[in-house]
>>> print(open('entry32.tsv').read())   # TSV, C-alpha atoms and all ligand atoms
chain	number	residue	atom	x	y	z
A	1	MET	CA	66.96	-4.15	68.57
A	2	ARG	CA	70.35	-4.42	70.17
A	3	ILE	CA	71.51	-2.05	72.90
A	4	GLY	CA	75.13	-1.99	74.03
A	5	ILE	CA	75.82	-1.14	77.68
A	6	ILE	CA	79.11	0.73	77.83
A	7	GLY	CA	81.10	2.77	80.31
A	8	LEU	CA	84.31	3.19	82.28
A	9	PRO	CA	85.28	0.50	84.84
A	10	SER	CA	83.02	-0.06	87.89
A	11	THR	CA	80.25	2.30	86.88
A	12	GLY	CA	77.42	-0.23	87.34
A	13	LYS	CA	77.14	-1.78	83.86
A	14	THR	CA	76.85	-5.35	85.08
A	15	THR	CA	74.50	-4.32	87.90
A	16	LEU	CA	72.18	-2.80	85.27
A	17	PHE	CA	72.55	-5.86	83.06
A	18	ASN	CA	71.65	-8.21	85.92
A	19	LEU	CA	68.68	-6.04	86.76
A	20	LEU	CA	67.46	-6.24	83.16
A	21	CYS	CA	67.93	-10.02	83.12
A	22	GLN	CA	65.98	-10.41	86.32
A	23	ALA	CA	63.14	-8.18	85.14
A	24	GLY	CA	62.51	-10.14	81.98
A	25	GLY	CA	65.56	-11.58	80.45
A	26	SER	CA	67.03	-14.80	79.36
A	27	HIS	CA	70.76	-14.72	79.59
A	28	VAL	CA	72.32	-16.17	76.47
A	29	GLY	CA	75.97	-15.30	76.56
A	30	HIS	CA	78.83	-15.44	78.94
A	31	GLN	CA	81.46	-12.84	79.50
A	32	SER	CA	84.91	-14.19	78.88
A	33	ALA	CA	87.99	-12.08	78.40
A	34	LYS	CA	86.91	-11.36	74.85
A	35	GLU	CA	83.16	-11.93	74.68
A	36	PRO	CA	80.51	-9.78	76.37
A	37	ASN	CA	77.37	-10.90	78.25
A	38	VAL	CA	74.21	-10.92	76.15
A	39	ALA	CA	70.59	-11.02	77.37
A	40	VAL	CA	67.31	-11.03	75.49
A	41	VAL	CA	64.90	-9.02	77.60
A	42	ARG	CA	61.12	-9.19	77.28
A	43	VAL	CA	59.58	-5.73	77.16
A	44	PRO	CA	57.00	-5.38	79.96
A	45	ASP	CA	53.81	-4.23	78.27
A	46	PRO	CA	50.47	-3.71	80.07
A	47	ARG	CA	48.69	-3.34	76.71
A	48	LEU	CA	49.81	-6.83	75.69
A	49	ASP	CA	48.53	-8.20	79.00
A	50	TYR	CA	45.17	-6.57	78.32
A	51	LEU	CA	45.02	-8.14	74.84
A	52	ALA	CA	45.94	-11.54	76.28
A	53	ALA	CA	43.02	-11.36	78.73
A	54	LEU	CA	40.68	-10.45	75.88
A	55	PHE	CA	41.93	-12.69	73.04
A	56	LYS	CA	42.98	-15.66	75.22
A	57	PRO	CA	45.65	-16.87	72.77
A	58	LYS	CA	47.54	-20.15	73.21
A	59	LYS	CA	50.77	-18.24	73.02
A	60	LEU	CA	51.72	-14.73	74.12
A	61	THR	CA	54.87	-13.20	72.67
A	62	PRO	CA	56.15	-9.87	73.96
A	63	ALA	CA	58.59	-7.66	72.08
A	64	THR	CA	62.21	-8.24	73.05
A	65	VAL	CA	65.34	-6.17	73.22
A	66	GLU	CA	68.86	-7.54	73.30
A	67	PHE	CA	71.25	-6.02	75.83
A	68	ILE	CA	75.00	-6.49	75.68
A	69	ASP	CA	77.15	-5.93	78.77
A	70	PHE	CA	80.49	-4.79	77.40
A	71	VAL	CA	83.87	-4.90	79.02
A	72	ALA	CA	84.83	-1.51	80.50
A	73	LEU	CA	86.18	1.23	78.25
A	74	THR	CA	89.46	2.81	79.21
A	75	ARG	CA	91.53	5.78	78.09
A	76	GLY	CA	93.35	5.01	74.86
A	77	VAL	CA	90.72	2.57	73.56
A	78	GLY	CA	89.94	4.91	70.64
A	79	LYS	CA	93.49	4.48	69.36
A	80	GLY	CA	92.97	0.72	69.41
A	81	GLU	CA	95.18	0.11	72.45
A	82	GLY	CA	94.97	-3.28	74.14
A	83	LEU	CA	91.89	-5.17	73.01
A	84	GLY	CA	90.36	-1.79	72.12
A	85	SER	CA	89.69	-2.39	68.45
A	86	HIS	CA	88.16	-5.82	69.16
A	87	TYR	CA	85.66	-4.35	71.65
A	88	LEU	CA	84.92	-1.30	69.56
A	89	SER	CA	84.11	-3.44	66.54
A	90	GLN	CA	81.59	-5.34	68.71
A	91	MET	CA	80.07	-2.07	69.91
A	92	ARG	CA	79.58	-0.96	66.31
A	93	GLN	CA	77.06	-3.80	65.89
A	94	ALA	CA	74.70	-2.25	68.47
A	95	ASP	CA	71.69	-0.19	67.33
A	96	ALA	CA	72.09	2.14	70.29
A	97	LEU	CA	74.57	2.67	73.10
A	98	LEU	CA	73.66	3.02	76.75
A	99	HIS	CA	76.48	4.73	78.60
A	100	VAL	CA	76.44	4.09	82.37
A	101	LEU	CA	78.12	7.02	84.13
A	102	ARG	CA	79.26	6.88	87.71
A	103	ASP	CA	77.67	9.55	89.86
A	104	PHE	CA	77.91	7.79	93.24
A	105	ASP	CA	80.59	8.23	95.82
A	106	ASP	CA	81.75	5.01	97.45
A	107	PRO	CA	85.33	4.65	98.72
A	108	GLY	CA	84.77	0.88	98.59
A	109	VAL	CA	84.39	0.93	94.80
A	110	ALA	CA	87.54	1.76	92.85
A	111	HIS	CA	87.39	4.56	90.30
A	112	THR	CA	89.91	4.94	87.50
A	113	GLU	CA	89.58	8.75	87.52
A	114	ALA	CA	90.57	10.95	90.46
A	115	THR	CA	87.11	12.40	91.09
A	116	ILE	CA	83.43	11.62	90.57
A	117	ASP	CA	82.50	13.68	87.51
A	118	PRO	CA	80.00	12.13	85.08
A	119	VAL	CA	80.16	15.10	82.71
A	120	ARG	CA	83.92	14.64	82.30
A	121	ASP	CA	83.48	10.86	81.89
A	122	ALA	CA	80.86	11.33	79.17
A	123	SER	CA	83.24	13.60	77.30
A	124	LEU	CA	86.19	11.24	77.87
A	125	VAL	CA	84.35	8.34	76.21
A	126	ASN	CA	83.06	10.65	73.49
A	127	THR	CA	86.66	11.63	72.69
A	128	GLU	CA	87.72	7.99	72.43
A	129	PHE	CA	84.80	7.30	70.07
A	130	LEU	CA	85.66	10.36	67.95
A	131	LEU	CA	89.22	9.03	67.58
A	132	ALA	CA	87.99	5.54	66.73
A	133	ASP	CA	85.59	6.96	64.12
A	134	LEU	CA	88.34	9.12	62.60
A	135	ASP	CA	90.42	5.99	62.19
A	136	THR	CA	87.50	4.11	60.56
A	137	VAL	CA	86.81	7.03	58.21
A	138	GLU	CA	90.49	7.38	57.24
A	139	LYS	CA	90.77	3.68	56.42
A	140	ARG	CA	87.59	3.84	54.37
A	141	ILE	CA	88.79	6.93	52.47
A	142	GLY	CA	91.91	4.95	51.52
A	143	ARG	CA	89.77	2.08	50.20
A	144	VAL	CA	87.40	4.28	48.23
A	145	GLU	CA	90.29	6.22	46.66
A	146	LEU	CA	91.59	2.88	45.47
A	147	ASP	CA	88.15	2.03	44.00
A	148	LEU	CA	88.19	5.34	42.16
A	149	LYS	CA	91.53	4.50	40.58
A	150	LYS	CA	90.06	1.17	39.47
A	151	GLY	CA	87.31	3.10	37.71
A	152	LYS	CA	84.26	2.64	39.98
A	153	LYS	CA	83.19	6.22	39.47
A	154	ASP	CA	79.77	7.63	40.43
A	155	GLU	CA	79.17	5.77	43.65
A	156	ALA	CA	82.75	6.19	44.85
A	157	VAL	CA	82.70	9.94	44.18
A	158	ARG	CA	79.57	10.37	46.31
A	159	GLU	CA	80.94	8.21	49.08
A	160	LEU	CA	84.30	9.96	49.10
A	161	ASP	CA	82.61	13.34	49.38
A	162	LEU	CA	80.59	12.17	52.38
A	163	LEU	CA	83.62	10.53	53.99
A	164	ARG	CA	85.65	13.74	53.67
A	165	ARG	CA	82.81	15.69	55.28
A	166	CYS	CA	82.71	13.12	58.09
A	167	HIS	CA	86.46	13.51	58.53
A	168	ALA	CA	86.30	17.30	58.82
A	169	TRP	CA	83.30	17.05	61.16
A	170	LEU	CA	85.02	14.55	63.47
A	171	THR	CA	88.24	16.57	63.45
A	172	GLU	CA	86.20	19.49	64.80
A	173	GLU	CA	85.16	17.09	67.60
A	174	ASN	CA	81.55	16.76	66.48
A	175	PRO	CA	79.69	13.42	66.67
A	176	ILE	CA	78.38	12.07	63.35
A	177	ARG	CA	74.82	12.09	64.80
A	178	ASP	CA	74.84	15.86	64.29
A	179	LEU	CA	76.24	15.83	60.75
A	180	PRO	CA	73.73	17.39	58.33
A	181	ALA	CA	72.98	14.68	55.75
A	182	SER	CA	70.37	13.89	53.10
A	183	ALA	CA	68.24	10.74	53.31
A	184	ASP	CA	70.50	9.01	50.76
A	185	GLU	CA	73.59	10.01	52.71
A	186	GLU	CA	72.00	8.73	55.93
A	187	LYS	CA	71.80	5.32	54.26
A	188	LEU	CA	75.47	5.43	53.29
A	189	LEU	CA	76.37	6.62	56.80
A	190	ARG	CA	74.68	3.59	58.36
A	191	GLY	CA	77.02	1.38	56.36
A	192	PHE	CA	80.05	3.11	57.89
A	193	THR	CA	79.03	1.80	61.38
A	194	LEU	CA	80.48	4.77	63.22
A	195	LEU	CA	80.19	4.86	67.01
A	196	THR	CA	79.34	8.55	67.22
A	197	ALA	CA	76.49	7.95	64.75
A	198	ARG	CA	74.69	5.67	67.20
A	199	PRO	CA	71.81	7.01	69.31
A	200	LEU	CA	73.12	7.38	72.86
A	201	LEU	CA	71.47	7.18	76.26
A	202	LEU	CA	73.55	8.68	79.06
A	203	LEU	CA	72.44	6.95	82.24
A	204	LEU	CA	73.78	8.40	85.47
A	205	ASN	CA	74.13	5.86	88.25
A	206	VAL	CA	73.53	8.20	91.18
A	207	GLY	CA	74.11	7.77	94.90
A	208	GLU	CA	71.06	7.19	97.10
A	209	GLU	CA	71.43	10.63	98.67
A	210	LYS	CA	70.84	12.24	95.27
A	211	LEU	CA	67.45	10.59	94.77
A	212	GLY	CA	64.53	12.96	94.82
A	213	SER	CA	66.53	16.16	94.35
A	214	ALA	CA	67.60	18.04	91.21
A	215	ASN	CA	70.93	16.73	89.91
A	216	PRO	CA	73.26	19.44	88.52
A	217	ALA	CA	75.16	16.81	86.48
A	218	VAL	CA	71.94	15.86	84.65
A	219	GLU	CA	71.32	19.53	83.90
A	220	ARG	CA	74.86	20.08	82.65
A	221	LEU	CA	74.73	17.02	80.42
A	222	THR	CA	71.29	17.88	79.10
A	223	ALA	CA	72.50	21.37	78.18
A	224	ARG	CA	75.28	20.07	75.96
A	225	ILE	CA	73.73	17.10	74.14
A	226	GLY	CA	72.82	17.14	70.45
A	227	LYS	CA	70.54	15.07	68.27
A	228	ASP	CA	69.69	11.45	69.24
A	229	VAL	CA	71.12	11.70	72.74
A	230	ALA	CA	69.08	11.44	75.95
A	231	VAL	CA	69.99	11.75	79.63
A	232	SER	CA	68.43	9.75	82.42
A	233	GLN	CA	69.32	8.73	85.98
A	234	LEU	CA	68.80	5.79	88.33
A	235	CYS	CA	70.32	4.57	91.55
A	236	LEU	CA	71.27	1.05	90.50
A	237	LYS	CA	72.14	0.03	94.04
A	238	VAL	CA	68.62	0.87	95.25
A	239	GLU	CA	67.07	-0.63	92.09
A	240	TRP	CA	68.95	-3.83	92.78
A	241	GLU	CA	67.87	-3.92	96.41
A	242	VAL	CA	64.24	-3.32	95.42
A	243	SER	CA	64.43	-6.08	92.82
A	244	GLN	CA	65.24	-8.57	95.59
A	245	LEU	CA	62.01	-7.79	97.50
A	246	SER	CA	58.54	-9.28	97.12
A	247	PRO	CA	56.26	-7.15	94.88
A	248	GLU	CA	54.35	-5.76	97.92
A	249	ASP	CA	57.51	-4.86	99.84
A	250	ALA	CA	59.05	-3.38	96.71
A	251	GLU	CA	56.05	-1.13	96.21
A	252	ALA	CA	56.16	0.08	99.83
A	253	PHE	CA	59.92	0.67	99.59
A	254	ARG	CA	59.53	2.68	96.39
A	255	ALA	CA	56.75	4.76	97.91
A	256	ASP	CA	58.99	5.47	100.95
A	257	LEU	CA	61.79	6.72	98.73
A	258	GLY	CA	59.46	8.56	96.37
A	259	LEU	CA	60.68	6.44	93.43
A	260	LYS	CA	58.69	5.92	90.29
A	261	ALA	CA	57.44	2.40	89.61
A	262	GLY	CA	60.15	0.34	87.97
A	263	GLY	CA	63.43	1.99	87.01
A	264	PHE	CA	63.84	-0.85	84.55
A	265	ALA	CA	60.69	0.04	82.60
A	266	GLU	CA	61.89	3.63	82.57
A	267	VAL	CA	65.25	2.70	81.02
A	268	LEU	CA	63.49	0.66	78.34
A	269	GLN	CA	61.04	3.45	77.59
A	270	ALA	CA	63.93	5.91	77.30
A	271	CYS	CA	65.63	3.54	74.82
A	272	PHE	CA	62.42	3.20	72.80
A	273	ASP	CA	61.94	6.97	72.68
A	274	LEU	CA	65.55	7.50	71.72
A	275	LEU	CA	65.35	4.98	68.90
A	276	GLY	CA	61.96	6.28	67.78
A	277	LEU	CA	60.35	2.86	68.16
A	278	ILE	CA	56.66	2.10	68.45
A	279	THR	CA	54.78	-1.10	69.23
A	280	PHE	CA	52.00	-2.72	67.24
A	281	TYR	CA	50.11	-5.95	67.92
A	282	THR	CA	48.81	-8.97	66.05
A	283	GLY	CA	46.73	-11.94	66.99
A	284	GLU	CA	43.02	-11.26	67.36
A	285	GLY	CA	41.46	-14.70	67.18
A	286	GLY	CA	44.73	-16.39	66.29
A	287	GLU	CA	46.92	-18.89	68.09
A	288	GLU	CA	49.39	-16.23	69.14
A	289	THR	CA	49.07	-12.66	70.36
A	290	ARG	CA	52.24	-10.77	69.80
A	291	ALA	CA	53.86	-7.36	70.22
A	292	TRP	CA	56.18	-6.04	67.50
A	293	THR	CA	58.48	-3.06	67.48
A	294	ILE	CA	59.03	-0.96	64.37
A	295	PRO	CA	60.43	2.52	63.77
A	296	ARG	CA	57.96	5.40	64.12
A	297	GLY	CA	56.84	6.40	60.64
A	298	ALA	CA	56.93	2.84	59.22
A	299	THR	CA	54.20	1.99	56.71
A	300	ALA	CA	51.69	-0.87	56.94
A	301	LEU	CA	53.75	-2.62	54.26
A	302	LYS	CA	56.91	-2.42	56.40
A	303	ALA	CA	54.95	-3.61	59.45
A	304	ALA	CA	53.74	-6.61	57.40
A	305	GLY	CA	57.37	-7.27	56.45
A	306	ALA	CA	58.38	-7.26	60.11
A	307	ILE	CA	55.94	-10.13	60.67
A	308	HIS	CA	56.94	-12.14	57.61
A	309	SER	CA	58.35	-11.38	54.16
A	310	ASP	CA	55.38	-13.31	52.61
A	311	LEU	CA	52.99	-10.77	54.13
A	312	GLU	CA	54.95	-7.90	52.63
A	313	ARG	CA	55.17	-9.54	49.22
A	314	GLY	CA	51.48	-10.51	49.01
A	315	PHE	CA	50.09	-7.51	50.91
A	316	ILE	CA	46.46	-6.66	50.07
A	317	ARG	CA	45.31	-4.50	52.98
A	318	ALA	CA	45.63	-4.03	56.73
A	319	GLU	CA	42.65	-4.05	59.08
A	320	VAL	CA	43.45	-1.80	61.99
A	321	VAL	CA	42.00	-1.04	65.42
A	322	ASN	CA	43.91	1.18	67.82
A	323	PHE	CA	44.42	-0.06	71.36
A	324	ALA	CA	43.01	3.14	72.87
A	325	ASP	CA	39.68	2.54	71.05
A	326	LEU	CA	39.63	-1.08	72.14
A	327	GLU	CA	40.30	-0.21	75.77
A	328	ALA	CA	37.65	2.51	75.74
A	329	ASN	CA	35.02	0.16	74.29
A	330	GLY	CA	35.96	-3.14	75.93
A	331	SER	CA	35.73	-5.46	72.92
A	332	MET	CA	36.58	-5.67	69.23
A	333	ALA	CA	32.87	-6.17	68.48
A	334	ALA	CA	31.99	-2.90	70.23
A	335	VAL	CA	34.79	-1.09	68.35
A	336	ARG	CA	33.47	-2.39	65.01
A	337	LYS	CA	29.91	-1.49	65.88
A	338	LYS	CA	31.02	2.11	66.39
A	339	GLY	CA	32.87	2.05	63.08
A	340	LEU	CA	36.25	2.67	64.74
A	341	HIS	CA	38.03	-0.11	62.82
A	342	ARG	CA	39.75	0.90	59.63
A	343	VAL	CA	40.85	-0.71	56.39
A	344	GLU	CA	44.21	0.68	55.33
A	345	GLY	CA	46.54	0.34	52.34
A	346	LYS	CA	50.28	-0.13	51.92
A	347	GLU	CA	51.16	3.48	52.64
A	348	TYR	CA	49.27	3.76	55.94
A	349	LEU	CA	51.62	4.96	58.72
A	350	VAL	CA	51.23	2.53	61.60
A	351	ARG	CA	50.50	4.19	64.94
A	352	ASP	CA	51.75	3.12	68.34
A	353	GLY	CA	49.25	0.66	69.82
A	354	ASP	CA	47.65	-0.40	66.52
A	355	ILE	CA	46.22	-3.92	66.45
A	356	VAL	CA	46.83	-5.05	62.89
A	357	LEU	CA	45.45	-7.86	60.77
A	358	VAL	CA	47.25	-8.16	57.43
A	359	ARG	CA	45.28	-9.62	54.51
A	360	PHE	CA	47.60	-11.01	51.87
A	361	ASN	CA	47.86	-13.24	48.80
A	362	VAL	CA	49.87	-16.39	49.26
B	401	LIG	N1	77.57	2.58	96.23
B	401	LIG	C1	77.16	2.10	95.08
B	401	LIG	N2	77.79	1.06	94.54
B	401	LIG	C2	77.39	0.58	93.35
B	401	LIG	C3	76.28	1.16	92.65
B	401	LIG	N3	76.14	0.49	91.49
B	401	LIG	C4	77.09	-0.45	91.46
B	401	LIG	N4	77.85	-0.41	92.60
B	401	LIG	C5	78.97	-1.25	92.96
B	401	LIG	O1	80.05	-0.95	92.09
B	401	LIG	C6	80.79	-2.13	91.80
B	401	LIG	C7	80.88	-2.30	90.31
B	401	LIG	O2	79.59	-2.57	89.81
B	401	LIG	P1	79.41	-3.35	88.44
B	401	LIG	O3	77.96	-3.34	88.13
B	401	LIG	O4	80.10	-4.65	88.46
B	401	LIG	O5	80.18	-2.35	87.51
B	401	LIG	P2	80.70	-2.58	86.03
B	401	LIG	O6	80.57	-1.27	85.35
B	401	LIG	O7	80.06	-3.74	85.40
B	401	LIG	O8	82.23	-2.88	86.30
B	401	LIG	P3	83.31	-3.50	85.28
B	401	LIG	O9	82.62	-4.43	84.36
B	401	LIG	O10	84.31	-4.16	86.15
B	401	LIG	O11	83.88	-2.33	84.57
B	401	LIG	C8	80.07	-3.27	92.50
B	401	LIG	O12	80.74	-3.53	93.69
B	401	LIG	C9	78.67	-2.72	92.74
B	401	LIG	O13	78.09	-3.28	93.88
B	401	LIG	C10	75.60	2.25	93.26
B	401	LIG	O14	74.62	2.79	92.72
B	401	LIG	N5	76.09	2.68	94.46
B	402	MG	MG	80.88	-5.43	84.42
>>> encode(input="entry32.tsv", output="structure tokens")
Amino acid sequence: MRIGIIGLPSTGKTTLFNLLCQAGGSHVGHQSAKEPNVAVVRVPDPRLDYLAALFKPKKLTPATVEFIDFVALTRGVGKGEGLGSHYLSQMRQADALLHVLRDFDDPGVAHTEATIDPVRDASLVNTEFLLADLDTVEKRIGRVELDLKKGKKDEAVRELDLLRRCHAWLTEENPIRDLPASADEEKLLRGFTLLTARPLLLLLNVGEEKLGSANPAVERLTARIGKDVAVSQLCLKVEWEVSQLSPEDAEAFRADLGLKAGGFAEVLQACFDLLGLITFYTGEGGEETRAWTIPRGATALKAAGAIHSDLERGFIRAEVVNFADLEANGSMAAVRKKGLHRVEGKEYLVRDGDIVLVRFNV
């Protein structure tokens, strides 16, 4: 999973990125004028730690998420001004976008807009993305019309119909996320790589003084969001300061401020919820115990495929124990004794926390 960190200049994108790297990341890219920072972040997972203590594997592999720290967005980027189209095409490769919005007042940190107004900034970036998507859709309509003339009929007719609906929808200033579409059309839509089709997390970077009280900006944003958008807030400055402390001091500091444990874990959880991802585990008695992320609603067959295509191809059955049953009973043997393990077929819908052993033909 790849999450793009976006936002206007000096909103705290790189501060968040550094925080993520420190909490569990390996930094693999370097930001040059044209290339963004990339980090692969290990997902902190207490359930995996529990399994490691029980299974004692040689190797422990957590799930990972890739974060990309993009260069700041500016007005006019949607029309492809400056390096706009280059950056936007990179952003289209992300599975989800995390928009860092400035909601802290600090005369020492320059702001490109006259006032601190995260609701306006969210809508400003949304407008740029709508324009960029309109441009993408128009270009694609031109290409598909050409295909039609060349005689590629059925497929092109369906695509053109969907593209025209996208065009009308975007012209009315609606994000593609909210466009009513059938399952087949959803598949086509994914191929269009539109920015307003991406799930979006609006993360307000709030001033310290706003911690612990209701934030009207969060309420206003929450009231106007549609499908596949979530709103969350953090004070990145405080999070950064806490991250520099020893674990004991950090805990005391958090308690003092009434902060929940780990803003970082919260951001990740919000991303997982937004993307509808769940975690399953493998590795009872094996060399490696590992966490895997798959979309909620994926079948045992798809889960097997996430591990290896051989397992999907030769799938016989999945032996499943849920983590909650394991934790409640303390060992796999105790779970089996109670008959809480299950043998499932291809169509079984994997649940969050399932420990899965795939039996397959080589
Ligand atoms: N007061 C205050 N300052 C912050 C906060 N978060 C970030 N900053 C400061 O704001 C400045 C910009 O932070 P960055 O994280 O570099 O912001 P950015 O969005 O990556 O900026 P660009 O990449 O230049 O667009 C830095 O000087 C940070 O120390 C915050 O919560 N409160
Ligand atoms: Mg930056």
>>> residues_around(input="entry32.tsv", residues="range 315-331 of chain A", least_positions_apart="2", cutoff="8 Å", atoms="only C-alpha atoms", output="VMD selection string")
chain A and resid 47 54 300 to 301 304 311 to 313 333 to 335 340 to 346 351 353 to 361
>>> write_last_selection(input="entry32.tsv", atoms="C-alpha atoms", output="PDB file, keeping the file's coordinate frame")
ATOM      1  CA  ARG A  47      48.690  -3.340  76.710  1.00  0.00           C
ATOM      2  CA  LEU A  54      40.680 -10.450  75.880  1.00  0.00           C
ATOM      3  CA  ALA A 300      51.690  -0.870  56.940  1.00  0.00           C
ATOM      4  CA  LEU A 301      53.750  -2.620  54.260  1.00  0.00           C
ATOM      5  CA  ALA A 304      53.740  -6.610  57.400  1.00  0.00           C
ATOM      6  CA  LEU A 311      52.990 -10.770  54.130  1.00  0.00           C
ATOM      7  CA  GLU A 312      54.950  -7.900  52.630  1.00  0.00           C
ATOM      8  CA  ARG A 313      55.170  -9.540  49.220  1.00  0.00           C
ATOM      9  CA  ALA A 333      32.870  -6.170  68.480  1.00  0.00           C
ATOM     10  CA  ALA A 334      31.990  -2.900  70.230  1.00  0.00           C
ATOM     11  CA  VAL A 335      34.790  -1.090  68.350  1.00  0.00           C
ATOM     12  CA  LEU A 340      36.250   2.670  64.740  1.00  0.00           C
ATOM     13  CA  HIS A 341      38.030  -0.110  62.820  1.00  0.00           C
ATOM     14  CA  ARG A 342      39.750   0.900  59.630  1.00  0.00           C
ATOM     15  CA  VAL A 343      40.850  -0.710  56.390  1.00  0.00           C
ATOM     16  CA  GLU A 344      44.210   0.680  55.330  1.00  0.00           C
ATOM     17  CA  GLY A 345      46.540   0.340  52.340  1.00  0.00           C
ATOM     18  CA  LYS A 346      50.280  -0.130  51.920  1.00  0.00           C
ATOM     19  CA  ARG A 351      50.500   4.190  64.940  1.00  0.00           C
ATOM     20  CA  GLY A 353      49.250   0.660  69.820  1.00  0.00           C
ATOM     21  CA  ASP A 354      47.650  -0.400  66.520  1.00  0.00           C
ATOM     22  CA  ILE A 355      46.220  -3.920  66.450  1.00  0.00           C
ATOM     23  CA  VAL A 356      46.830  -5.050  62.890  1.00  0.00           C
ATOM     24  CA  LEU A 357      45.450  -7.860  60.770  1.00  0.00           C
ATOM     25  CA  VAL A 358      47.250  -8.160  57.430  1.00  0.00           C
ATOM     26  CA  ARG A 359      45.280  -9.620  54.510  1.00  0.00           C
ATOM     27  CA  PHE A 360      47.600 -11.010  51.870  1.00  0.00           C
ATOM     28  CA  ASN A 361      47.860 -13.240  48.800  1.00  0.00           C
TER      29      ASN A 361
END
>>> atom_distance(input="entry32.tsv", atom1="CA of Gln90 in chain A", atom2="CA of Asn126 in chain A")
16.8 Å
>>> residues_near_ligand(input="entry32.tsv", ligand="ligand LIG 401 (chain B)", cutoff="9 Å", atoms="all atoms listed in the file", output="JSON, numbers by chain")
{"A": [6, 7, 8, 9, 10, 11, 12, 13, 14, 15, 16, 17, 18, 69, 70, 71, 72, 73, 100, 101, 102, 103, 104, 105, 106, 107, 108, 109, 110, 205, 206, 207, 208, 234, 235, 236, 237, 238, 239, 240]}
>>> atom_distance(input="entry32.tsv", atom1="CA of Ala63 in chain A", atom2="CA of Glu266 in chain A")
15.8 Å
>>> axis_aligned_box(input="entry32.tsv", around="range 76-85 of chain A", padding_each_side="6 Å", output="AutoDock Vina command-line options")
--center_x 92.4 --center_y -0.1 --center_z 71.7 --size_x 17.5 --size_y 22.2 --size_z 18.4
>>> residues_near_point(input="entry32.tsv", point="(70.6, 3.1, 81.5)", cutoff="7 Å", atoms="only C-alpha atoms", output="VMD selection string")
chain A and resid 98 to 100 201 to 203 267
>>> atom_distance(input="entry32.tsv", atom1="CA of Leu19 in chain A", atom2="CA of Tyr87 in chain A")
22.8 Å
>>> closest_residue(input="entry32.tsv", among="A:Ile294, A:Ala230, A:Leu194, A:Ala303", to="Glu138 in chain A", atoms="all atoms listed in the file")
A:Leu194
>>> closest_residue(input="entry32.tsv", among="A:Gly258, A:Pro62, A:Pro175, A:Gly151", to="Phe280 in chain A", atoms="all atoms listed in the file")
A:Pro62
>>> residues_around(input="entry32.tsv", residues="Cys271 in chain A", least_positions_apart="6", cutoff="12 Å", atoms="all atoms listed in the file", output="list in words")
Met1, Arg2, Ile3, Gly4, Ile5, Val43, Val65, Glu66, Phe67, Asp95, Ala96, Leu97, Leu98, His99, Pro199, Leu200, Leu201, Leu202, Leu203, Asp228, Val229, Ala230, Val231, Ser232, Phe264, Ala265, Leu277 and Ile278 of chain A
>>> closest_residue(input="entry32.tsv", among="A:Thr196, A:Asn37, A:Thr282, A:Ser213", to="ligand MG 402 (chain B)", atoms="all atoms listed in the file")
A:Asn37
>>> closest_residue(input="entry32.tsv", among="A:Ile307, A:Val362, A:Ala291, A:Leu188", to="Ala52 in chain A", atoms="all atoms listed in the file")
A:Ala291
>>> closest_residue(input="entry32.tsv", among="A:His86, A:Gln22, A:Glu35, A:Arg224", to="ligand MG 402 (chain B)", atoms="all atoms listed in the file")
A:Glu35
>>> closest_residue(input="entry32.tsv", among="A:Pro36, A:Val350, A:Arg120, A:Ser246", to="ligand MG 402 (chain B)", atoms="all atoms listed in the file")
A:Pro36
>>> residues_around(input="entry32.tsv", residues="Leu163 in chain A", least_positions_apart="5", cutoff="9 Å", atoms="only C-alpha atoms", output="compact mmCIF listing (two decimals) with C-alpha atoms, in the frame of the given file")
# COMPACT_ATOMS: atom_id res chain seq x y z
CA VAL A 137 86.81 7.03 58.21
CA GLU A 138 90.49 7.38 57.24
CA ARG A 140 87.59 3.84 54.37
CA ILE A 141 88.79 6.93 52.47
CA ARG A 158 79.57 10.37 46.31
CA ALA A 168 86.30 17.30 58.82
CA LEU A 189 76.37 6.62 56.80
>>> residues_around(input="entry32.tsv", residues="Lys79 in chain A", least_positions_apart="6", cutoff="8 Å", atoms="all atoms listed in the file", output="NGL selection string")
:A and (85 or 128 or 131-132 or 135)
